[in-house]
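K.L.:
File name structure-v7.txt; file contents compact mmCIF, C-alpha atoms; full text below.
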```
# COMPACT_ATOMS: atom_id res chain seq x y z
CA MET A 1 -21.38 -26.03 0.94
CA THR A 2 -19.37 -23.18 -0.57
CA SER A 3 -18.07 -20.40 1.60
CA ARG A 4 -17.36 -17.00 0.06
CA VAL A 5 -15.21 -14.31 1.64
CA THR A 6 -14.84 -10.89 0.06
CA PHE A 7 -11.99 -8.91 1.59
CA ILE A 8 -12.25 -5.14 1.13
CA SER A 9 -9.07 -3.13 1.66
CA PRO A 10 -9.54 0.22 3.38
CA ALA A 11 -9.77 3.52 1.54
CA MET A 12 -6.84 5.95 1.59
CA ASN A 13 -5.60 7.68 4.72
CA ALA A 14 -2.43 9.48 5.81
CA SER A 15 -0.81 6.28 7.11
CA LEU A 16 -1.21 4.51 3.77
CA ARG A 17 0.10 7.57 1.89
CA ARG A 18 3.20 7.79 4.08
CA ALA A 19 3.86 4.02 4.45
CA ARG A 20 3.44 4.41 8.20
CA PHE A 21 2.80 1.49 10.55
CA ASP A 22 -0.76 2.49 11.37
CA ASP A 23 -1.69 2.75 15.04
CA GLY A 24 -5.35 2.06 14.28
CA ARG A 25 -6.38 5.64 15.09
CA THR A 26 -5.73 7.42 11.78
CA PRO A 27 -8.98 8.35 10.02
CA LEU A 28 -9.63 8.25 6.30
CA ASP A 29 -8.54 11.35 4.43
CA ASP A 30 -11.02 13.36 2.35
CA THR A 31 -10.20 11.49 -0.85
CA GLY A 32 -10.57 8.11 0.85
CA THR A 33 -13.88 9.10 2.41
CA ALA A 34 -15.27 10.34 -0.92
CA GLN A 35 -14.12 7.23 -2.82
CA ALA A 36 -15.57 4.85 -0.22
CA ARG A 37 -18.86 6.76 -0.16
CA ALA A 38 -19.02 6.63 -3.98
CA ALA A 39 -18.50 2.85 -3.87
CA ALA A 40 -21.39 2.21 -1.48
CA GLY A 41 -23.82 -0.32 -2.92
CA THR A 42 -21.31 -1.94 -5.30
CA LEU A 43 -20.94 -5.17 -3.30
CA PRO A 44 -23.20 -8.21 -3.48
CA PRO A 45 -25.36 -8.96 -0.44
CA ALA A 46 -23.59 -10.68 2.44
CA ALA A 47 -24.67 -13.03 5.20
CA ARG A 48 -22.04 -11.46 7.48
CA VAL A 49 -20.08 -8.20 7.55
CA LEU A 50 -16.93 -7.96 9.68
CA THR A 51 -14.22 -5.33 10.09
CA SER A 52 -10.67 -5.10 11.32
CA PRO A 53 -10.47 -3.05 14.52
CA GLY A 54 -8.49 -0.17 12.96
CA LEU A 55 -10.25 3.16 12.43
CA ARG A 56 -9.57 3.28 8.67
CA CYS A 57 -11.31 -0.10 8.24
CA ARG A 58 -14.26 0.86 10.43
CA GLU A 59 -14.68 4.18 8.60
CA THR A 60 -14.40 2.48 5.21
CA ALA A 61 -17.13 0.03 6.22
CA GLU A 62 -19.31 2.90 7.42
CA GLU A 63 -18.90 4.85 4.16
CA LEU A 64 -19.68 1.66 2.20
CA ALA A 65 -22.87 1.29 4.29
CA LEU A 66 -21.62 -2.04 5.68
CA HIS A 67 -22.52 -2.79 9.28
CA GLY A 68 -21.08 -5.54 11.41
CA PRO A 69 -18.82 -6.25 14.37
CA THR A 70 -15.09 -5.69 14.59
CA VAL A 71 -13.09 -8.91 14.84
CA PRO A 72 -9.79 -8.73 16.76
CA GLU A 73 -8.38 -11.74 14.82
CA LEU A 74 -8.61 -9.64 11.63
CA ALA A 75 -6.35 -6.87 12.96
CA GLY A 76 -3.22 -6.04 11.01
CA PRO A 77 0.07 -7.48 12.22
CA ASP A 78 1.46 -6.40 15.58
CA VAL A 79 4.57 -4.38 14.68
CA GLY A 80 5.58 -3.74 18.27
CA ARG A 81 7.72 -0.67 18.85
CA TRP A 82 7.55 0.36 15.17
CA LEU A 83 3.88 1.31 15.54
CA GLY A 84 3.19 4.86 14.37
CA ARG A 85 6.56 5.25 12.60
CA THR A 86 7.10 5.27 8.84
CA LEU A 87 9.01 2.54 7.09
CA ASP A 88 11.58 5.17 6.03
CA GLU A 89 12.10 6.25 9.66
CA VAL A 90 12.55 2.70 10.87
CA GLY A 91 14.75 1.85 7.88
CA ALA A 92 17.05 4.79 8.62
CA ALA A 93 17.30 3.92 12.33
CA GLU A 94 17.39 0.12 12.03
CA PRO A 95 18.32 -0.89 8.48
CA GLU A 96 19.48 -4.40 9.42
CA SER A 97 16.31 -5.08 11.40
CA VAL A 98 14.07 -3.93 8.55
CA GLY A 99 16.07 -6.02 6.10
CA ARG A 100 15.68 -9.15 8.22
CA TRP A 101 11.98 -8.49 8.77
CA LEU A 102 11.35 -8.14 5.02
CA THR A 103 13.25 -11.31 4.12
CA ASP A 104 12.81 -13.72 7.05
CA PRO A 105 9.16 -14.63 7.83
CA ASP A 106 10.19 -15.82 11.30
CA CYS A 107 11.85 -12.54 12.27
CA ALA A 108 10.12 -9.96 14.51
CA PRO A 109 12.81 -7.40 15.42
CA HIS A 110 10.12 -4.91 16.49
CA GLY A 111 8.95 -7.18 19.30
CA GLY A 112 5.54 -7.91 17.76
CA GLU A 113 4.36 -10.71 15.48
CA SER A 114 6.51 -12.29 12.81
CA VAL A 115 5.04 -12.55 9.32
CA ARG A 116 4.68 -16.31 9.84
CA GLU A 117 2.79 -15.83 13.12
CA PHE A 118 0.53 -13.23 11.53
CA CYS A 119 -0.17 -15.43 8.48
CA GLY A 120 -0.95 -18.33 10.82
CA ARG A 121 -3.52 -16.20 12.67
CA ILE A 122 -5.29 -15.30 9.41
CA ALA A 123 -5.11 -18.92 8.16
CA ARG A 124 -6.80 -20.12 11.38
CA TRP A 125 -9.55 -17.53 10.90
CA LEU A 126 -10.07 -18.66 7.29
CA THR A 127 -10.29 -22.28 8.41
CA ASP A 128 -13.04 -21.31 10.86
CA VAL A 129 -15.02 -19.26 8.29
CA GLU A 130 -14.75 -22.04 5.72
CA ASP A 131 -17.57 -23.87 7.50
CA GLN A 132 -19.98 -20.94 7.17
CA ASP A 133 -22.36 -20.94 4.25
CA GLY A 134 -22.98 -17.72 2.36
CA ARG A 135 -20.87 -14.64 1.72
CA THR A 136 -18.77 -12.91 4.36
CA VAL A 137 -17.62 -9.37 3.60
CA ALA A 138 -14.64 -8.29 5.69
CA VAL A 139 -13.17 -4.78 5.58
CA VAL A 140 -9.58 -5.46 6.58
CA GLU A 141 -6.04 -4.13 6.52
CA PRO A 142 -4.05 -4.82 3.32
CA GLU A 143 -1.77 -7.22 5.24
CA VAL A 144 -4.78 -9.38 6.11
CA VAL A 145 -5.60 -9.68 2.41
CA ARG A 146 -1.99 -10.68 1.67
CA ALA A 147 -2.03 -13.37 4.36
CA ALA A 148 -5.39 -14.73 3.18
CA VAL A 149 -4.17 -14.97 -0.42
CA LEU A 150 -1.00 -16.80 0.67
CA HIS A 151 -3.08 -19.30 2.62
CA ALA A 152 -5.63 -19.78 -0.16
CA LEU A 153 -2.94 -20.53 -2.73
CA GLY A 154 -0.66 -22.51 -0.41
CA MET A 155 2.16 -20.02 -0.98
CA PRO A 156 5.09 -19.64 1.41
CA GLU A 157 5.17 -16.72 3.86
CA ALA A 158 8.36 -15.52 2.14
CA ALA A 159 6.07 -14.23 -0.66
CA PHE A 160 4.12 -11.98 1.74
CA TRP A 161 5.89 -8.74 0.74
CA ARG A 162 5.58 -9.56 -2.97
CA LEU A 163 1.81 -8.96 -2.96
CA ASP A 164 0.44 -5.44 -3.34
CA VAL A 165 -3.10 -4.65 -2.23
CA ALA A 166 -4.51 -1.41 -3.62
CA PRO A 167 -6.84 0.70 -1.48
CA LEU A 168 -10.56 0.11 -1.79
CA THR A 169 -10.40 -3.13 -3.76
CA ALA A 170 -12.23 -6.43 -3.33
CA THR A 171 -10.35 -9.72 -3.21
CA GLU A 172 -12.67 -12.71 -3.25
CA LEU A 173 -12.12 -16.23 -2.01
CA SER A 174 -14.56 -19.06 -2.50
CA GLY A 175 -13.97 -22.47 -1.09
CA ARG A 176 -15.07 -25.81 0.18
CA SER A 177 -13.39 -28.94 1.47
CA GLY A 178 -10.18 -27.11 2.40
CA ARG A 179 -9.65 -25.64 -1.08
CA TRP A 180 -9.96 -21.96 -1.97
CA ASN A 181 -10.28 -20.21 -5.33
CA LEU A 182 -9.16 -16.62 -5.74
CA ARG A 183 -10.50 -13.59 -7.59
CA LEU A 184 -8.02 -10.73 -7.30
CA GLY A 185 -8.41 -7.06 -6.38
CA ARG A 186 -11.40 -5.66 -8.24
CA PRO A 187 -11.76 -1.88 -7.71
CA LEU A 188 -14.99 -0.96 -5.96
CA ALA A 189 -15.24 2.34 -7.85
CA ALA A 190 -13.12 4.27 -10.31
CA PRO A 191 -10.61 6.30 -8.29
CA ASP A 192 -10.81 10.08 -8.42
CA ALA A 193 -7.83 11.90 -9.83
CA ASP A 194 -5.64 13.34 -7.06
```
Show how you would write the structure in this file as structure tokens.
P.N.:
Amino acid sequence: MTSRVTFISPAMNASLRRARFDDGRTPLDDTGTAQARAAAGTLPPAARVLTSPGLRCRETAEELALHGPTVPELAGPDVGRWLGRTLDEVGAAEPESVGRWLTDPDCAPHGGESVREFCGRIARWLTDVEDQDGRTVAVVEPEVVRAAVLHALGMPEAAFWRLDVAPLTATELSGRSGRWNLRLGRPLAAPDAD
């Protein structure tokens, strides 16, 4: 039995544009909404559709005409007291903390999850979905895609920040018997010029 998981990163919103730790309540911007709507119907049929709990993921799924439940395990990482602030703001106020967080996967200076804990959560979810036949489409935060790719390739958590996930792209994993294959970030539609 082969399991297939297609991760869709959310369309653009103000938090993504400003590199802000999203609080899950920021809607898509007009460009993101239009691009997601234009990409509707570009995905293969799925046995299951799931979304991260954040508003940008739920709205992306809606614009893509994908309907399914939100899954708390697929939420982005818990960034504790940094939630809602930009990386620049946190970096200016706490440069040593940001530096440790970006280089030490076990560090969680914000009081939330460490990168290692977050990656472990996504790896456990992937292990569970591995036993499901057919395609799962999951509209998830970019960090979830990073963690899934690390797990699929057996890469260390220290590589987490070295992976970029563009908005509104599909990253596909297919696997069986504890082994995953990866197809990287295919755009769902040609982006509009900003």
K.L.:
For A:Gly178, which residue out of A:Ala34, A:Ala159, A:Glu130, A:Arg146 is the nearest one, using all atoms listed in the file?
P.N.:
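Among A:Ala34, A:Ala159, A:Glu130, A:Arg146, it is A:Glu130 that comes nearest to A:Gly178.
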K.L.:
To one decimal place, how far is atom CA of A:Glu94 from atom CA of A:Ala19 in Å?
P.N.:
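Separation between atom CA of A:Glu94 and atom CA of A:Ala19: 16.0 Å.
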K.L.:
Produce a table with one row for each residue of stretch 72-174 of chain A that has an atom at most 10 Å from any atom of stretch 59-63 of chain A, each row naming the nearest atom pair and its distance in Å at one decimal; use only C-alpha atoms; arrange rows by chain and rising residue number; format as a Markdown table.
P.N.:
```
| residue | atom | partner | partner_atom | distance |
| --- | --- | --- | --- | --- |
| A:Val137 | CA | A:Ala61 | CA | 9.8 |
| A:Ala138 | CA | A:Ala61 | CA | 8.7 |
| A:Val139 | CA | A:Ala61 | CA | 6.3 |
| A:Val140 | CA | A:Ala61 | CA | 9.3 |
| A:Leu168 | CA | A:Thr60 | CA | 8.3 |
```
K.L.:
Could you jot down the atom CA of A:Ala123 to atom CA of A:Arg179 separation for me, Å, one decimal place?
P.N.:
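Computing it gives 12.3 Å between the two atoms.
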K.L.:
Can you work out which one of A:Leu16, A:Ala65, A:Leu50, A:Leu153 has the shortest atom-to-atom distance to A:Ala38, counting all atoms listed in the file?
P.N.:
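Residue with the minimum atom-to-atom distance to A:Ala38: A:Ala65.
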K.L.:
Have a look at A:Arg17, A:Arg186, A:Arg81, A:Arg48 and name the one nearest to A:Val129; count all atoms listed in the file.
P.N.:
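For A:Val129, the nearest of the candidates is A:Arg48.
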K.L.:
Please indicate the distance in Å from atom CA of A:Leu66 to atom CA of A:Ala40, rounded to one decimal place.
P.N.:
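Pair atom CA of A:Leu66 / atom CA of A:Ala40 returns 8.3 Å.
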K.L.:
Nearest to A:Ser177 among A:Met1, A:Met155, A:Ala108, A:Ala14, with distances taken over all atoms listed in the file: which residue is it?
P.N.:
A:Met1
K.L.:
Which protein, DNA or RNA residues have an atom at most 12 Å from (-0.9, 10.4, 6.6), counting only C-alpha atoms? List them as a PDB file with C-alpha atoms, in the coordinates of the input.
P.N.:
```pdb
ATOM      1  CA  MET A  12      -6.840   5.950   1.590  1.00  0.00           C
ATOM      2  CA  ASN A  13      -5.600   7.680   4.720  1.00  0.00           C
ATOM      3  CA  ALA A  14      -2.430   9.480   5.810  1.00  0.00           C
ATOM      4  CA  SER A  15      -0.810   6.280   7.110  1.00  0.00           C
ATOM      5  CA  LEU A  16      -1.210   4.510   3.770  1.00  0.00           C
ATOM      6  CA  ARG A  17       0.100   7.570   1.890  1.00  0.00           C
ATOM      7  CA  ARG A  18       3.200   7.790   4.080  1.00  0.00           C
ATOM      8  CA  ALA A  19       3.860   4.020   4.450  1.00  0.00           C
ATOM      9  CA  ARG A  20       3.440   4.410   8.200  1.00  0.00           C
ATOM     10  CA  PHE A  21       2.800   1.490  10.550  1.00  0.00           C
ATOM     11  CA  ASP A  22      -0.760   2.490  11.370  1.00  0.00           C
ATOM     12  CA  ASP A  23      -1.690   2.750  15.040  1.00  0.00           C
ATOM     13  CA  ARG A  25      -6.380   5.640  15.090  1.00  0.00           C
ATOM     14  CA  THR A  26      -5.730   7.420  11.780  1.00  0.00           C
ATOM     15  CA  PRO A  27      -8.980   8.350  10.020  1.00  0.00           C
ATOM     16  CA  LEU A  28      -9.630   8.250   6.300  1.00  0.00           C
ATOM     17  CA  ASP A  29      -8.540  11.350   4.430  1.00  0.00           C
ATOM     18  CA  ASP A  30     -11.020  13.360   2.350  1.00  0.00           C
ATOM     19  CA  THR A  31     -10.200  11.490  -0.850  1.00  0.00           C
ATOM     20  CA  GLY A  32     -10.570   8.110   0.850  1.00  0.00           C
ATOM     21  CA  ARG A  56      -9.570   3.280   8.670  1.00  0.00           C
ATOM     22  CA  GLY A  84       3.190   4.860  14.370  1.00  0.00           C
ATOM     23  CA  ARG A  85       6.560   5.250  12.600  1.00  0.00           C
ATOM     24  CA  THR A  86       7.100   5.270   8.840  1.00  0.00           C
TER      25      THR A  86
END
```
K.L.:
Tell me which protein, DNA and RNA residues are within 10 Å of A:Ser3, counting all atoms listed in the file, leaving out same-chain ones fewer than 4 positions away, and put them as a list in words.
P.N.:
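Residues near the query, excluding close chain neighbours: Leu126, Val129, Glu130, Asp131, Gln132, Asp133, Gly134, Arg135, Thr136, Leu173, Ser174, Gly175, Arg176, Ser177 and Trp180 of chain A.
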K.L.:
Would you compute, for all listed atoms of stretch 11-20 of chain A, the axis-aligned bounding box grown by 6 Å on each side, and then report its centre and edge lengths in Å rounded to one decimal, as AutoDock Vina command-line options?
P.N.:
```
--center_x -3.0 --center_y 6.5 --center_z 4.9 --size_x 25.6 --size_y 18.0 --size_z 18.7
```
K.L.:
Just the residues within 12 Å of A:Asp104, please, counting all atoms listed in the file, with nothing from its chain fewer than 3 positions along; format it as a PDB file with C-alpha atoms, in the frame of the given file.
P.N.:
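Listed below is the output, out_4.pdb:
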```pdb
ATOM      1  CA  GLU A  96      19.480  -4.400   9.420  1.00  0.00           C
ATOM      2  CA  SER A  97      16.310  -5.080  11.400  1.00  0.00           C
ATOM      3  CA  VAL A  98      14.070  -3.930   8.550  1.00  0.00           C
ATOM      4  CA  GLY A  99      16.070  -6.020   6.100  1.00  0.00           C
ATOM      5  CA  ARG A 100      15.680  -9.150   8.220  1.00  0.00           C
ATOM      6  CA  TRP A 101      11.980  -8.490   8.770  1.00  0.00           C
ATOM      7  CA  CYS A 107      11.850 -12.540  12.270  1.00  0.00           C
ATOM      8  CA  ALA A 108      10.120  -9.960  14.510  1.00  0.00           C
ATOM      9  CA  PRO A 109      12.810  -7.400  15.420  1.00  0.00           C
ATOM     10  CA  SER A 114       6.510 -12.290  12.810  1.00  0.00           C
ATOM     11  CA  VAL A 115       5.040 -12.550   9.320  1.00  0.00           C
ATOM     12  CA  ARG A 116       4.680 -16.310   9.840  1.00  0.00           C
ATOM     13  CA  GLU A 117       2.790 -15.830  13.120  1.00  0.00           C
ATOM     14  CA  PRO A 156       5.090 -19.640   1.410  1.00  0.00           C
ATOM     15  CA  GLU A 157       5.170 -16.720   3.860  1.00  0.00           C
ATOM     16  CA  ALA A 158       8.360 -15.520   2.140  1.00  0.00           C
ATOM     17  CA  ALA A 159       6.070 -14.230  -0.660  1.00  0.00           C
ATOM     18  CA  PHE A 160       4.120 -11.980   1.740  1.00  0.00           C
ATOM     19  CA  TRP A 161       5.890  -8.740   0.740  1.00  0.00           C
TER      20      TRP A 161
END
```
K.L.:
When you look at A:Leu163 with a cut-off of 10 Å (counting only C-alpha atoms), what residues show up, excluding the ones that are within fewer than 4 positions of it in the same chain? I need them as a PyMOL selection string.
P.N.:
chain A and resi 142-143+145-147+149-150+159
